[in-house]
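Below is coords-v4.pdb, holding PDB, C-alpha atoms.
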```pdb
ATOM      1  CA  MET A   1       9.021 -27.557 190.934
ATOM      2  CA  ARG A   2      10.864 -30.803 191.742
ATOM      3  CA  CYS A   3       8.807 -33.923 192.133
ATOM      4  CA  ALA A   4       9.026 -35.429 195.594
ATOM      5  CA  GLY A   5       8.813 -38.945 194.137
ATOM      6  CA  PRO A   6       6.807 -41.958 195.261
ATOM      7  CA  VAL A   7       6.948 -41.730 199.049
ATOM      8  CA  ARG A   8       5.268 -45.126 199.578
ATOM      9  CA  SER A   9       7.800 -47.090 197.528
ATOM     10  CA  ARG A  10      10.680 -45.304 199.268
ATOM     11  CA  ARG A  11       9.391 -46.375 202.652
ATOM     12  CA  LEU A  12       9.167 -49.983 201.547
ATOM     13  CA  ARG A  13      12.691 -50.011 200.158
ATOM     14  CA  PRO A  14      15.239 -49.058 202.792
ATOM     15  CA  ALA A  15      18.626 -47.607 201.905
ATOM     16  CA  PRO A  16      21.026 -50.360 200.770
ATOM     17  CA  LEU A  17      22.568 -52.226 203.668
ATOM     18  CA  ASN A  18      26.040 -51.949 202.205
ATOM     19  CA  ALA A  19      25.754 -48.150 202.546
ATOM     20  CA  HIS A  20      25.057 -48.619 206.259
ATOM     21  CA  ALA A  21      27.894 -51.094 206.515
ATOM     22  CA  ILE A  22      30.269 -48.580 204.891
ATOM     23  CA  GLU A  23      29.008 -45.923 207.300
ATOM     24  CA  ASP A  24      29.648 -48.306 210.225
ATOM     25  CA  LEU A  25      33.186 -49.060 209.058
ATOM     26  CA  ARG A  26      33.846 -45.329 208.665
ATOM     27  CA  PHE A  27      32.530 -44.728 212.189
ATOM     28  CA  ILE A  28      34.817 -47.446 213.603
ATOM     29  CA  ARG A  29      37.844 -46.044 211.765
ATOM     30  CA  GLU A  30      37.144 -42.454 212.861
ATOM     31  CA  THR A  31      36.551 -43.493 216.481
ATOM     32  CA  MET A  32      39.785 -45.488 216.541
ATOM     33  CA  GLU A  33      41.716 -42.628 214.953
ATOM     34  CA  ASN A  34      40.310 -40.078 217.394
ATOM     35  CA  ALA A  35      40.998 -42.359 220.355
ATOM     36  CA  ALA A  36      44.515 -43.310 219.332
ATOM     37  CA  SER A  37      47.616 -41.373 220.260
ATOM     38  CA  PHE A  38      50.678 -40.918 218.082
ATOM     39  CA  THR A  39      52.771 -43.862 219.207
ATOM     40  CA  ALA A  40      55.431 -43.725 216.506
ATOM     41  CA  VAL A  41      57.515 -41.307 218.590
ATOM     42  CA  PRO A  42      61.057 -42.330 217.765
ATOM     43  CA  GLY A  43      62.882 -43.565 220.874
ATOM     44  CA  TRP A  44      66.039 -44.751 219.126
ATOM     45  CA  GLY A  45      65.648 -41.897 216.630
ATOM     46  CA  GLY A  46      65.718 -39.526 219.627
ATOM     47  CA  VAL A  47      68.888 -41.191 220.899
ATOM     48  CA  ALA A  48      70.461 -40.691 217.456
ATOM     49  CA  MET A  49      69.404 -37.026 217.537
ATOM     50  CA  GLY A  50      71.026 -36.693 220.950
ATOM     51  CA  LEU A  51      74.251 -38.302 219.773
ATOM     52  CA  THR A  52      74.289 -35.904 216.804
ATOM     53  CA  ALA A  53      74.001 -32.972 219.219
ATOM     54  CA  LEU A  54      76.822 -34.336 221.411
ATOM     55  CA  ALA A  55      79.077 -34.821 218.378
ATOM     56  CA  THR A  56      78.268 -31.319 217.152
ATOM     57  CA  ALA A  57      79.045 -29.851 220.585
ATOM     58  CA  CYS A  58      82.472 -31.518 220.402
ATOM     59  CA  VAL A  59      83.370 -30.167 216.965
ATOM     60  CA  ALA A  60      81.604 -26.787 217.169
ATOM     61  CA  PRO A  61      83.941 -23.807 217.544
ATOM     62  CA  ARG A  62      83.818 -21.642 220.646
ATOM     63  CA  PRO A  63      80.875 -19.231 220.633
ATOM     64  CA  THR A  64      83.306 -16.300 220.241
ATOM     65  CA  SER A  65      83.226 -17.116 216.525
ATOM     66  CA  ALA A  66      79.509 -16.518 216.203
ATOM     67  CA  THR A  67      79.096 -17.211 212.473
ATOM     68  CA  ALA A  68      81.116 -20.450 212.495
ATOM     69  CA  TRP A  69      79.265 -21.585 215.626
ATOM     70  CA  LEU A  70      75.879 -20.880 214.034
ATOM     71  CA  ILE A  71      76.788 -22.604 210.748
ATOM     72  CA  THR A  72      77.981 -25.724 212.604
ATOM     73  CA  TRP A  73      74.753 -26.071 214.564
ATOM     74  CA  LEU A  74      72.568 -25.195 211.560
ATOM     75  CA  ALA A  75      74.339 -27.957 209.604
ATOM     76  CA  ALA A  76      73.688 -30.442 212.416
ATOM     77  CA  ALA A  77      69.964 -29.652 212.638
ATOM     78  CA  PRO A  78      68.900 -31.306 209.321
ATOM     79  CA  CYS A  79      70.959 -34.405 210.214
ATOM     80  CA  ALA A  80      69.204 -34.666 213.584
ATOM     81  CA  PHE A  81      65.762 -34.199 212.011
ATOM     82  CA  ALA A  82      66.584 -36.821 209.395
ATOM     83  CA  PHE A  83      67.384 -39.265 212.211
ATOM     84  CA  GLY A  84      64.089 -38.367 213.912
ATOM     85  CA  ALA A  85      62.073 -38.782 210.706
ATOM     86  CA  LEU A  86      63.769 -42.097 209.922
ATOM     87  CA  GLY A  87      63.043 -43.229 213.479
ATOM     88  CA  ILE A  88      59.338 -42.406 213.072
ATOM     89  CA  TYR A  89      59.182 -44.175 209.703
ATOM     90  CA  TRP A  90      61.016 -47.259 211.014
ATOM     91  CA  LYS A  91      58.843 -47.500 214.135
ATOM     92  CA  ALA A  92      55.559 -47.054 212.252
ATOM     93  CA  ARG A  93      56.632 -49.599 209.629
ATOM     94  CA  ARG A  94      57.590 -52.116 212.295
ATOM     95  CA  ALA A  95      54.189 -51.655 213.957
ATOM     96  CA  GLY A  96      52.465 -51.954 210.588
ATOM     97  CA  THR A  97      50.710 -48.592 210.979
ATOM     98  CA  PRO A  98      50.699 -45.603 208.625
ATOM     99  CA  VAL A  99      52.936 -42.703 209.709
ATOM    100  CA  LEU A 100      50.414 -39.942 209.180
ATOM    101  CA  THR A 101      47.348 -41.091 211.060
ATOM    102  CA  ARG A 102      45.147 -38.328 212.458
ATOM    103  CA  PRO A 103      47.126 -38.093 215.727
ATOM    104  CA  GLY A 104      50.324 -38.239 213.652
ATOM    105  CA  ARG A 105      49.222 -35.280 211.551
ATOM    106  CA  LYS A 106      48.258 -33.348 214.689
ATOM    107  CA  PHE A 107      51.647 -34.185 216.209
ATOM    108  CA  VAL A 108      53.534 -32.841 213.175
ATOM    109  CA  LEU A 109      51.315 -29.773 212.820
ATOM    110  CA  SER A 110      51.836 -28.892 216.495
ATOM    111  CA  LEU A 111      55.583 -29.441 216.394
ATOM    112  CA  PHE A 112      56.460 -27.348 213.369
ATOM    113  CA  PRO A 113      55.032 -23.837 214.052
ATOM    114  CA  PRO A 114      57.287 -23.220 217.108
ATOM    115  CA  LEU A 115      60.273 -24.547 215.130
ATOM    116  CA  LEU A 116      59.488 -22.191 212.259
ATOM    117  CA  ALA A 117      59.110 -19.315 214.730
ATOM    118  CA  GLY A 118      62.475 -20.308 216.193
ATOM    119  CA  ALA A 119      64.127 -20.120 212.775
ATOM    120  CA  VAL A 120      62.713 -16.639 212.085
ATOM    121  CA  ILE A 121      63.584 -15.308 215.565
ATOM    122  CA  SER A 122      67.094 -16.778 215.243
ATOM    123  CA  LEU A 123      67.714 -14.771 212.066
ATOM    124  CA  ALA A 124      66.477 -11.572 213.731
ATOM    125  CA  ILE A 125      68.508 -12.166 216.888
ATOM    126  CA  TYR A 126      71.684 -13.065 215.012
ATOM    127  CA  SER A 127      71.433  -9.921 212.889
ATOM    128  CA  THR A 128      71.182  -7.791 216.038
ATOM    129  CA  GLY A 129      74.297  -9.391 217.541
ATOM    130  CA  LEU A 130      72.529 -11.183 220.383
ATOM    131  CA  GLY A 131      73.671 -14.630 219.239
ATOM    132  CA  ARG A 132      74.398 -15.703 222.820
ATOM    133  CA  LEU A 133      70.637 -16.033 223.337
ATOM    134  CA  LEU A 134      70.269 -18.625 220.564
ATOM    135  CA  PRO A 135      70.785 -21.815 222.652
ATOM    136  CA  SER A 136      68.142 -20.641 225.099
ATOM    137  CA  ILE A 137      65.645 -19.705 222.368
ATOM    138  CA  TRP A 138      66.182 -22.963 220.462
ATOM    139  CA  LEU A 139      65.741 -25.082 223.587
ATOM    140  CA  LEU A 140      62.679 -23.111 224.704
ATOM    141  CA  LEU A 141      60.885 -23.198 221.342
ATOM    142  CA  TYR A 142      61.785 -26.827 220.694
ATOM    143  CA  GLY A 143      60.373 -27.569 224.142
ATOM    144  CA  VAL A 144      57.169 -25.673 223.295
ATOM    145  CA  GLY A 145      56.790 -27.677 220.073
ATOM    146  CA  VAL A 146      57.436 -31.035 221.726
ATOM    147  CA  MET A 147      55.149 -30.219 224.631
ATOM    148  CA  SER A 148      52.209 -29.191 222.443
ATOM    149  CA  ALA A 149      52.764 -32.063 219.988
ATOM    150  CA  GLY A 150      53.026 -34.394 222.958
ATOM    151  CA  THR A 151      49.375 -33.838 223.823
ATOM    152  CA  PHE A 152      48.620 -36.174 220.874
ATOM    153  CA  SER A 153      51.176 -38.726 221.934
ATOM    154  CA  VAL A 154      52.281 -40.857 224.847
ATOM    155  CA  ARG A 155      52.568 -39.177 228.254
ATOM    156  CA  VAL A 156      56.338 -39.002 228.392
ATOM    157  CA  VAL A 157      56.540 -36.689 225.338
ATOM    158  CA  PRO A 158      55.008 -33.582 226.977
ATOM    159  CA  VAL A 159      57.288 -34.203 229.978
ATOM    160  CA  MET A 160      60.253 -34.195 227.602
ATOM    161  CA  GLY A 161      58.998 -30.902 226.135
ATOM    162  CA  LEU A 162      58.763 -29.407 229.618
ATOM    163  CA  CYS A 163      62.338 -30.484 230.388
ATOM    164  CA  PHE A 164      63.543 -28.809 227.169
ATOM    165  CA  MET A 165      61.781 -25.610 228.218
ATOM    166  CA  LEU A 166      63.402 -25.742 231.672
ATOM    167  CA  ALA A 167      66.778 -26.317 229.996
ATOM    168  CA  GLY A 168      66.097 -23.266 227.816
ATOM    169  CA  ILE A 169      65.338 -21.144 230.860
ATOM    170  CA  ALA A 170      68.511 -22.390 232.576
ATOM    171  CA  ALA A 171      70.559 -21.624 229.426
ATOM    172  CA  LEU A 172      69.277 -18.053 229.559
ATOM    173  CA  PHE A 173      71.283 -17.493 232.765
ATOM    174  CA  CYS A 174      74.435 -19.280 231.582
ATOM    175  CA  PRO A 175      77.500 -17.384 230.390
ATOM    176  CA  ALA A 176      77.878 -17.167 226.599
ATOM    177  CA  ALA A 177      80.968 -19.398 226.757
ATOM    178  CA  TRP A 178      78.757 -22.281 227.927
ATOM    179  CA  ALA A 179      76.661 -22.291 224.744
ATOM    180  CA  ASN A 180      78.027 -25.623 223.490
ATOM    181  CA  ALA A 181      77.620 -27.199 226.919
ATOM    182  CA  ALA A 182      74.001 -25.988 227.118
ATOM    183  CA  MET A 183      73.279 -27.381 223.659
ATOM    184  CA  ALA A 184      74.966 -30.692 224.526
ATOM    185  CA  ALA A 185      73.061 -30.994 227.799
ATOM    186  CA  GLY A 186      69.718 -30.008 226.237
ATOM    187  CA  PHE A 187      69.611 -31.427 222.725
ATOM    188  CA  GLY A 188      72.129 -34.157 223.530
ATOM    189  CA  GLY A 189      71.391 -35.270 227.091
ATOM    190  CA  LEU A 190      67.610 -34.865 227.088
ATOM    191  CA  HIS A 191      67.183 -36.573 223.707
ATOM    192  CA  ILE A 192      69.299 -39.518 224.815
ATOM    193  CA  LEU A 193      67.551 -39.768 228.199
ATOM    194  CA  PHE A 194      63.975 -39.558 226.906
ATOM    195  CA  GLY A 195      64.798 -41.472 223.722
ATOM    196  CA  THR A 196      65.957 -44.403 225.847
ATOM    197  CA  ILE A 197      62.828 -44.203 228.033
ATOM    198  CA  ILE A 198      60.529 -44.102 224.963
ATOM    199  CA  ALA A 199      62.431 -46.932 223.244
ATOM    200  CA  ARG A 200      62.180 -49.186 226.292
ATOM    201  CA  ARG A 201      58.594 -48.397 227.243
ATOM    202  CA  TYR A 202      56.999 -47.891 223.846
ATOM    203  CA  GLY A 203      58.809 -50.341 221.627
ATOM    204  CA  GLY A 204      61.647 -48.663 219.778
TER     205      GLY A 204
ATOM    206  CA  MET B   1      21.690 -42.267 204.043
ATOM    207  CA  ALA B   2      19.679 -43.119 207.108
ATOM    208  CA  ARG B   3      21.248 -41.756 210.250
ATOM    209  CA  PHE B   4      21.481 -43.503 213.578
ATOM    210  CA  ASN B   5      19.052 -42.059 216.081
ATOM    211  CA  PRO B   6      20.613 -42.285 219.557
ATOM    212  CA  LEU B   7      17.269 -41.621 221.206
ATOM    213  CA  SER B   8      15.457 -44.537 219.604
ATOM    214  CA  GLY B   9      18.520 -46.752 219.854
ATOM    215  CA  HIS B  10      17.459 -48.295 216.548
ATOM    216  CA  HIS B  11      20.283 -48.888 214.129
ATOM    217  CA  PRO B  12      19.598 -48.824 210.388
ATOM    218  CA  LEU B  13      21.200 -52.250 210.005
ATOM    219  CA  GLU B  14      18.872 -53.832 212.554
ATOM    220  CA  THR B  15      15.653 -55.288 211.218
ATOM    221  CA  ARG B  16      12.538 -54.873 213.332
ATOM    222  CA  ARG B  17       9.704 -57.336 213.238
ATOM    223  CA  THR B  18       7.336 -54.540 212.306
ATOM    224  CA  ASP B  19       9.433 -53.470 209.302
ATOM    225  CA  ARG B  20       7.992 -54.388 205.946
ATOM    226  CA  VAL B  21      10.822 -56.003 204.028
ATOM    227  CA  ALA B  22      10.649 -56.552 200.288
ATOM    228  CA  PRO B  23      11.570 -60.090 199.099
ATOM    229  CA  ARG B  24      14.808 -58.925 197.454
ATOM    230  CA  ASP B  25      15.915 -57.410 200.763
ATOM    231  CA  ARG B  26      15.387 -60.610 202.723
ATOM    232  CA  GLY B  27      18.972 -61.723 202.045
ATOM    233  CA  GLN B  28      20.190 -58.476 203.526
ATOM    234  CA  ALA B  29      17.911 -58.951 206.515
ATOM    235  CA  THR B  30      19.391 -62.410 207.130
ATOM    236  CA  ALA B  31      22.903 -60.978 206.987
ATOM    237  CA  ALA B  32      21.884 -58.271 209.448
ATOM    238  CA  ALA B  33      20.324 -60.817 211.791
ATOM    239  CA  GLU B  34      23.691 -62.611 212.065
ATOM    240  CA  LEU B  35      25.401 -59.484 213.373
ATOM    241  CA  ASP B  36      26.446 -59.266 216.996
ATOM    242  CA  ARG B  37      23.623 -57.124 218.374
ATOM    243  CA  LEU B  38      25.646 -56.246 221.428
ATOM    244  CA  ILE B  39      28.272 -54.232 219.590
ATOM    245  CA  HIS B  40      26.025 -53.384 216.672
ATOM    246  CA  GLU B  41      24.489 -50.532 218.670
ATOM    247  CA  ARG B  42      26.377 -47.350 217.772
ATOM    248  CA  MET B  43      27.410 -46.257 221.268
ATOM    249  CA  ARG B  44      28.685 -49.722 222.224
ATOM    250  CA  LEU B  45      30.454 -49.990 218.875
ATOM    251  CA  GLY B  46      32.131 -46.660 219.674
ATOM    252  CA  ILE B  47      33.255 -47.870 223.106
ATOM    253  CA  VAL B  48      34.715 -51.093 221.714
ATOM    254  CA  SER B  49      36.409 -49.287 218.785
ATOM    255  CA  ALA B  50      37.963 -46.653 221.061
ATOM    256  CA  LEU B  51      39.255 -49.307 223.451
ATOM    257  CA  ALA B  52      40.676 -51.306 220.537
ATOM    258  CA  ALA B  53      42.943 -48.354 219.743
ATOM    259  CA  ASN B  54      44.116 -47.929 223.347
ATOM    260  CA  GLU B  55      45.368 -50.171 226.095
ATOM    261  CA  SER B  56      42.852 -48.530 228.438
ATOM    262  CA  LEU B  57      40.626 -45.453 228.592
ATOM    263  CA  SER B  58      39.084 -43.723 231.566
ATOM    264  CA  PHE B  59      35.339 -43.108 231.858
ATOM    265  CA  HIS B  60      36.014 -39.390 231.401
ATOM    266  CA  ASP B  61      38.091 -39.951 228.227
ATOM    267  CA  LEU B  62      35.404 -42.163 226.711
ATOM    268  CA  LYS B  63      32.674 -39.691 227.581
ATOM    269  CA  LYS B  64      34.548 -36.869 225.847
ATOM    270  CA  LEU B  65      35.492 -38.995 222.866
ATOM    271  CA  LEU B  66      31.975 -40.255 222.215
ATOM    272  CA  ALA B  67      30.325 -36.940 223.158
ATOM    273  CA  THR B  68      27.775 -38.569 225.401
ATOM    274  CA  THR B  69      26.366 -38.297 228.903
ATOM    275  CA  ASP B  70      27.465 -40.083 232.083
ATOM    276  CA  GLY B  71      24.240 -42.084 232.223
ATOM    277  CA  ASN B  72      24.276 -43.189 228.599
ATOM    278  CA  LEU B  73      27.919 -44.267 228.681
ATOM    279  CA  SER B  74      27.444 -46.014 231.988
ATOM    280  CA  VAL B  75      24.456 -48.061 230.725
ATOM    281  CA  HIS B  76      26.182 -49.179 227.527
ATOM    282  CA  ALA B  77      29.510 -49.887 229.243
ATOM    283  CA  ARG B  78      27.729 -52.057 231.795
ATOM    284  CA  LYS B  79      26.136 -54.133 229.020
ATOM    285  CA  LEU B  80      29.547 -54.704 227.450
ATOM    286  CA  GLU B  81      30.990 -55.505 230.855
ATOM    287  CA  GLU B  82      28.250 -58.072 231.543
ATOM    288  CA  ALA B  83      29.072 -59.751 228.228
ATOM    289  CA  LYS B  84      32.749 -59.728 229.287
ATOM    290  CA  TYR B  85      33.654 -57.687 226.192
ATOM    291  CA  ILE B  86      35.307 -55.053 228.357
ATOM    292  CA  ALA B  87      36.862 -55.093 231.823
ATOM    293  CA  CYS B  88      36.258 -52.310 234.293
ATOM    294  CA  GLU B  89      38.631 -51.245 237.041
ATOM    295  CA  LYS B  90      37.633 -48.781 239.763
ATOM    296  CA  TYR B  91      40.058 -47.115 242.115
ATOM    297  CA  PHE B  92      40.772 -43.855 243.909
ATOM    298  CA  GLU B  93      43.313 -41.358 242.619
ATOM    299  CA  GLY B  94      43.849 -39.288 245.741
ATOM    300  CA  ARG B  95      40.282 -38.631 246.848
ATOM    301  CA  LEU B  96      38.757 -38.894 243.388
ATOM    302  CA  PRO B  97      37.157 -42.138 242.185
ATOM    303  CA  LYS B  98      38.392 -43.246 238.790
ATOM    304  CA  THR B  99      36.975 -45.815 236.380
ATOM    305  CA  VAL B 100      39.160 -47.322 233.687
ATOM    306  CA  TYR B 101      38.007 -49.656 230.913
ATOM    307  CA  ARG B 102      40.010 -52.189 228.917
ATOM    308  CA  LEU B 103      38.999 -54.327 225.957
ATOM    309  CA  SER B 104      39.006 -58.041 226.776
ATOM    310  CA  PRO B 105      40.165 -60.719 224.300
ATOM    311  CA  ALA B 106      36.487 -61.656 223.813
ATOM    312  CA  GLY B 107      35.668 -58.019 222.990
ATOM    313  CA  ARG B 108      38.541 -57.760 220.513
ATOM    314  CA  HIS B 109      37.428 -60.982 218.870
ATOM    315  CA  ALA B 110      33.829 -59.694 218.668
ATOM    316  CA  LEU B 111      34.990 -56.465 217.010
ATOM    317  CA  GLU B 112      37.139 -58.368 214.505
ATOM    318  CA  ARG B 113      34.218 -60.672 213.691
ATOM    319  CA  TYR B 114      31.912 -57.670 213.301
ATOM    320  CA  LEU B 115      34.398 -55.982 210.927
ATOM    321  CA  ASP B 116      34.654 -59.185 208.888
ATOM    322  CA  GLN B 117      30.851 -59.383 208.669
ATOM    323  CA  MET B 118      30.600 -55.755 207.558
ATOM    324  CA  GLU B 119      33.247 -56.249 204.871
ATOM    325  CA  ALA B 120      31.587 -59.456 203.690
ATOM    326  CA  LEU B 121      28.252 -57.636 203.487
ATOM    327  CA  ILE B 122      29.781 -54.853 201.386
ATOM    328  CA  HIS B 123      31.506 -57.337 199.066
ATOM    329  CA  SER B 124      28.367 -59.420 198.608
ATOM    330  CA  MET B 125      26.305 -56.341 197.766
ATOM    331  CA  ARG B 126      28.907 -55.104 195.280
ATOM    332  CA  ALA B 127      29.089 -58.520 193.626
ATOM    333  CA  ARG B 128      25.378 -58.364 192.716
TER     334      ARG B 128
END
```
Starting from the file, give its structure as structure tokens.
Amino acid sequence: MRCAGPVRSRRLRPAPLNAHAIEDLRFIRETMENAASFTAVPGWGGVAMGLTALATACVAPRPTSATAWLITWLAAAPCAFAFGALGIYWKARRAGTPVLTRPGRKFVLSLFPPLLAGAVISLAIYSTGLGRLLPSIWLLLYGVGVMSAGTFSVRVVPVMGLCFMLAGIAALFCPAAWANAAMAAGFGGLHILFGTIIARRYGG
Amino acid sequence: MARFNPLSGHHPLETRRTDRVAPRDRGQATAAAELDRLIHERMRLGIVSALAANESLSFHDLKKLLATTDGNLSVHARKLEEAKYIACEKYFEGRLPKTVYRLSPAGRHALERYLDQMEALIHSMRAR
């Protein structure tokens, strides 16, 4: 049986104050992290993503050539995400804050599942010859990701997500020949519009 | 590690007159006595910390964040407001009353001083 130890001497000697001080500092850090929102949303990075989409819409072949069209847009996607990631890194560095704070991690974890789902659905849809639905699906799922991630960020981000979803719904009723225009208006126009708003209101 | 008891309101770093303090702990007690009692209390420390990370927070947001009751938050916020550590703004949003709190420069300074004191306390204890 374990000895309970000298109870009297324990009472007289409180736990070290530095342990309480560490606990206090941890409490302050956790409270600040829980209260903070992800503010490193890239405004200028969003504008760069939008410009990438506009450039891609200009060079992308007509949707009649489904494979070439898909390859062009799939090649543009990593470039756009690189601009977004660089924008986040640049903004966080300028503000002197780490990129992956708790709200930052929540933002990323909320954004990526719909994007992953979009990639898987795209493969399935392309293989069944329904490629004309891709702009709508990409806009809708990107909108879902941005909207859910935006709950951990500044207020304008969920609004941007909602606009992407509305653009996706509108693209659903557009003729297949308008695919590049829908992509330019959605990924190009909305990114540039909201990127400028975020850059001006939330510092870059 | 001793836990903060929100019911007693007694913080482990506060030294009561009735506490029996061993001579070697008197230095610690002096350091504790220099702390800003106003934000030393856990709930008020939470309010100030949360407001330091945001431009402003509503009463509802703070209540959810600190997992507390209307009455408790209201009492502690009023104490901080009286000390001019936070500023309170009340207005109507449609027909609903809304209360928004902001951290004042004095409150930010108090939090920074408190953090410095905590870090100094940790360093001094580690140096022994």
For chain B, list the residues within 6 Å of chain A, counting only C-alpha atoms, and write the list as a ChimeraX atom specification. /B:49-50,53,118,122
Report the residues retrieved by the PyMOL selection byres ((chain B and resi 65-77) around 9) from the displayed file, expressed as a CSV table (one decimal) with C-alpha atoms, in the coordinates of the input.
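Below you can see part25.csv, which holds the result:
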```
chain,number,residue,atom,x,y,z
A,31,THR,CA,36.6,-43.5,216.5
A,34,ASN,CA,40.3,-40.1,217.4
A,35,ALA,CA,41.0,-42.4,220.4
B,43,MET,CA,27.4,-46.3,221.3
B,44,ARG,CA,28.7,-49.7,222.2
B,46,GLY,CA,32.1,-46.7,219.7
B,47,ILE,CA,33.3,-47.9,223.1
B,50,ALA,CA,38.0,-46.7,221.1
B,59,PHE,CA,35.3,-43.1,231.9
B,60,HIS,CA,36.0,-39.4,231.4
B,61,ASP,CA,38.1,-40.0,228.2
B,62,LEU,CA,35.4,-42.2,226.7
B,63,LYS,CA,32.7,-39.7,227.6
B,64,LYS,CA,34.5,-36.9,225.8
B,78,ARG,CA,27.7,-52.1,231.8
B,79,LYS,CA,26.1,-54.1,229.0
B,80,LEU,CA,29.5,-54.7,227.4
B,81,GLU,CA,31.0,-55.5,230.9
B,82,GLU,CA,28.2,-58.1,231.5
B,86,ILE,CA,35.3,-55.1,228.4
B,88,CYS,CA,36.3,-52.3,234.3
B,101,TYR,CA,38.0,-49.7,230.9
```
Can you work out which one of A:Leu123, A:Ala40, A:Met49, A:Leu193 has the shortest atom-to-atom distance to A:Phe107, counting only C-alpha atoms?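 Nearest candidate to A:Phe107 out of A:Leu123, A:Ala40, A:Met49, A:Leu193: A:Ala40.
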Residues in the PyMOL selection byres ((chain A and resi 79-85) around 12), expressed as a PDB file with C-alpha atoms, in the frame of the given file:
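The result, stored in part33.pdb:
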```pdb
ATOM      1  CA  ALA A  40      55.431 -43.725 216.506  1.00  0.00           C
ATOM      2  CA  VAL A  41      57.515 -41.307 218.590  1.00  0.00           C
ATOM      3  CA  PRO A  42      61.057 -42.330 217.765  1.00  0.00           C
ATOM      4  CA  GLY A  43      62.882 -43.565 220.874  1.00  0.00           C
ATOM      5  CA  TRP A  44      66.039 -44.751 219.126  1.00  0.00           C
ATOM      6  CA  GLY A  45      65.648 -41.897 216.630  1.00  0.00           C
ATOM      7  CA  GLY A  46      65.718 -39.526 219.627  1.00  0.00           C
ATOM      8  CA  VAL A  47      68.888 -41.191 220.899  1.00  0.00           C
ATOM      9  CA  ALA A  48      70.461 -40.691 217.456  1.00  0.00           C
ATOM     10  CA  MET A  49      69.404 -37.026 217.537  1.00  0.00           C
ATOM     11  CA  GLY A  50      71.026 -36.693 220.950  1.00  0.00           C
ATOM     12  CA  LEU A  51      74.251 -38.302 219.773  1.00  0.00           C
ATOM     13  CA  THR A  52      74.289 -35.904 216.804  1.00  0.00           C
ATOM     14  CA  ALA A  53      74.001 -32.972 219.219  1.00  0.00           C
ATOM     15  CA  LEU A  54      76.822 -34.336 221.411  1.00  0.00           C
ATOM     16  CA  ALA A  55      79.077 -34.821 218.378  1.00  0.00           C
ATOM     17  CA  THR A  56      78.268 -31.319 217.152  1.00  0.00           C
ATOM     18  CA  THR A  72      77.981 -25.724 212.604  1.00  0.00           C
ATOM     19  CA  TRP A  73      74.753 -26.071 214.564  1.00  0.00           C
ATOM     20  CA  LEU A  74      72.568 -25.195 211.560  1.00  0.00           C
ATOM     21  CA  ALA A  75      74.339 -27.957 209.604  1.00  0.00           C
ATOM     22  CA  ALA A  76      73.688 -30.442 212.416  1.00  0.00           C
ATOM     23  CA  ALA A  77      69.964 -29.652 212.638  1.00  0.00           C
ATOM     24  CA  PRO A  78      68.900 -31.306 209.321  1.00  0.00           C
ATOM     25  CA  LEU A  86      63.769 -42.097 209.922  1.00  0.00           C
ATOM     26  CA  GLY A  87      63.043 -43.229 213.479  1.00  0.00           C
ATOM     27  CA  ILE A  88      59.338 -42.406 213.072  1.00  0.00           C
ATOM     28  CA  TYR A  89      59.182 -44.175 209.703  1.00  0.00           C
ATOM     29  CA  TRP A  90      61.016 -47.259 211.014  1.00  0.00           C
ATOM     30  CA  LYS A  91      58.843 -47.500 214.135  1.00  0.00           C
ATOM     31  CA  ALA A  92      55.559 -47.054 212.252  1.00  0.00           C
ATOM     32  CA  VAL A  99      52.936 -42.703 209.709  1.00  0.00           C
ATOM     33  CA  LEU A 100      50.414 -39.942 209.180  1.00  0.00           C
ATOM     34  CA  VAL A 108      53.534 -32.841 213.175  1.00  0.00           C
ATOM     35  CA  PHE A 112      56.460 -27.348 213.369  1.00  0.00           C
ATOM     36  CA  LEU A 115      60.273 -24.547 215.130  1.00  0.00           C
ATOM     37  CA  PHE A 187      69.611 -31.427 222.725  1.00  0.00           C
ATOM     38  CA  GLY A 188      72.129 -34.157 223.530  1.00  0.00           C
ATOM     39  CA  HIS A 191      67.183 -36.573 223.707  1.00  0.00           C
ATOM     40  CA  GLY A 195      64.798 -41.472 223.722  1.00  0.00           C
TER      41      GLY A 195
END
```
Please report the interatomic distance between atom CA of A:Ala57 and atom CA of A:Arg132 in Å with one decimal. 15.1 Å
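What separates atom CA of A:Leu116 from atom CA of A:Ser136 is a distance of 15.6 Å.
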Every residue with an atom at most 10 Å from (53.4, -26.7, 225.2) (file coordinates; all atoms listed in the file) is what I'm after, so could you write them as a PDB file with C-alpha atoms, in the frame of the given file?
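File written: point-v8.pdb
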```
ATOM      1  CA  SER A 110      51.836 -28.892 216.495  1.00  0.00           C
ATOM      2  CA  LEU A 111      55.583 -29.441 216.394  1.00  0.00           C
ATOM      3  CA  PRO A 114      57.287 -23.220 217.108  1.00  0.00           C
ATOM      4  CA  LEU A 140      62.679 -23.111 224.704  1.00  0.00           C
ATOM      5  CA  LEU A 141      60.885 -23.198 221.342  1.00  0.00           C
ATOM      6  CA  TYR A 142      61.785 -26.827 220.694  1.00  0.00           C
ATOM      7  CA  GLY A 143      60.373 -27.569 224.142  1.00  0.00           C
ATOM      8  CA  VAL A 144      57.169 -25.673 223.295  1.00  0.00           C
ATOM      9  CA  GLY A 145      56.790 -27.677 220.073  1.00  0.00           C
ATOM     10  CA  VAL A 146      57.436 -31.035 221.726  1.00  0.00           C
ATOM     11  CA  MET A 147      55.149 -30.219 224.631  1.00  0.00           C
ATOM     12  CA  SER A 148      52.209 -29.191 222.443  1.00  0.00           C
ATOM     13  CA  ALA A 149      52.764 -32.063 219.988  1.00  0.00           C
ATOM     14  CA  GLY A 150      53.026 -34.394 222.958  1.00  0.00           C
ATOM     15  CA  THR A 151      49.375 -33.838 223.823  1.00  0.00           C
ATOM     16  CA  PRO A 158      55.008 -33.582 226.977  1.00  0.00           C
ATOM     17  CA  VAL A 159      57.288 -34.203 229.978  1.00  0.00           C
ATOM     18  CA  GLY A 161      58.998 -30.902 226.135  1.00  0.00           C
ATOM     19  CA  LEU A 162      58.763 -29.407 229.618  1.00  0.00           C
ATOM     20  CA  MET A 165      61.781 -25.610 228.218  1.00  0.00           C
TER      21      MET A 165
END
```
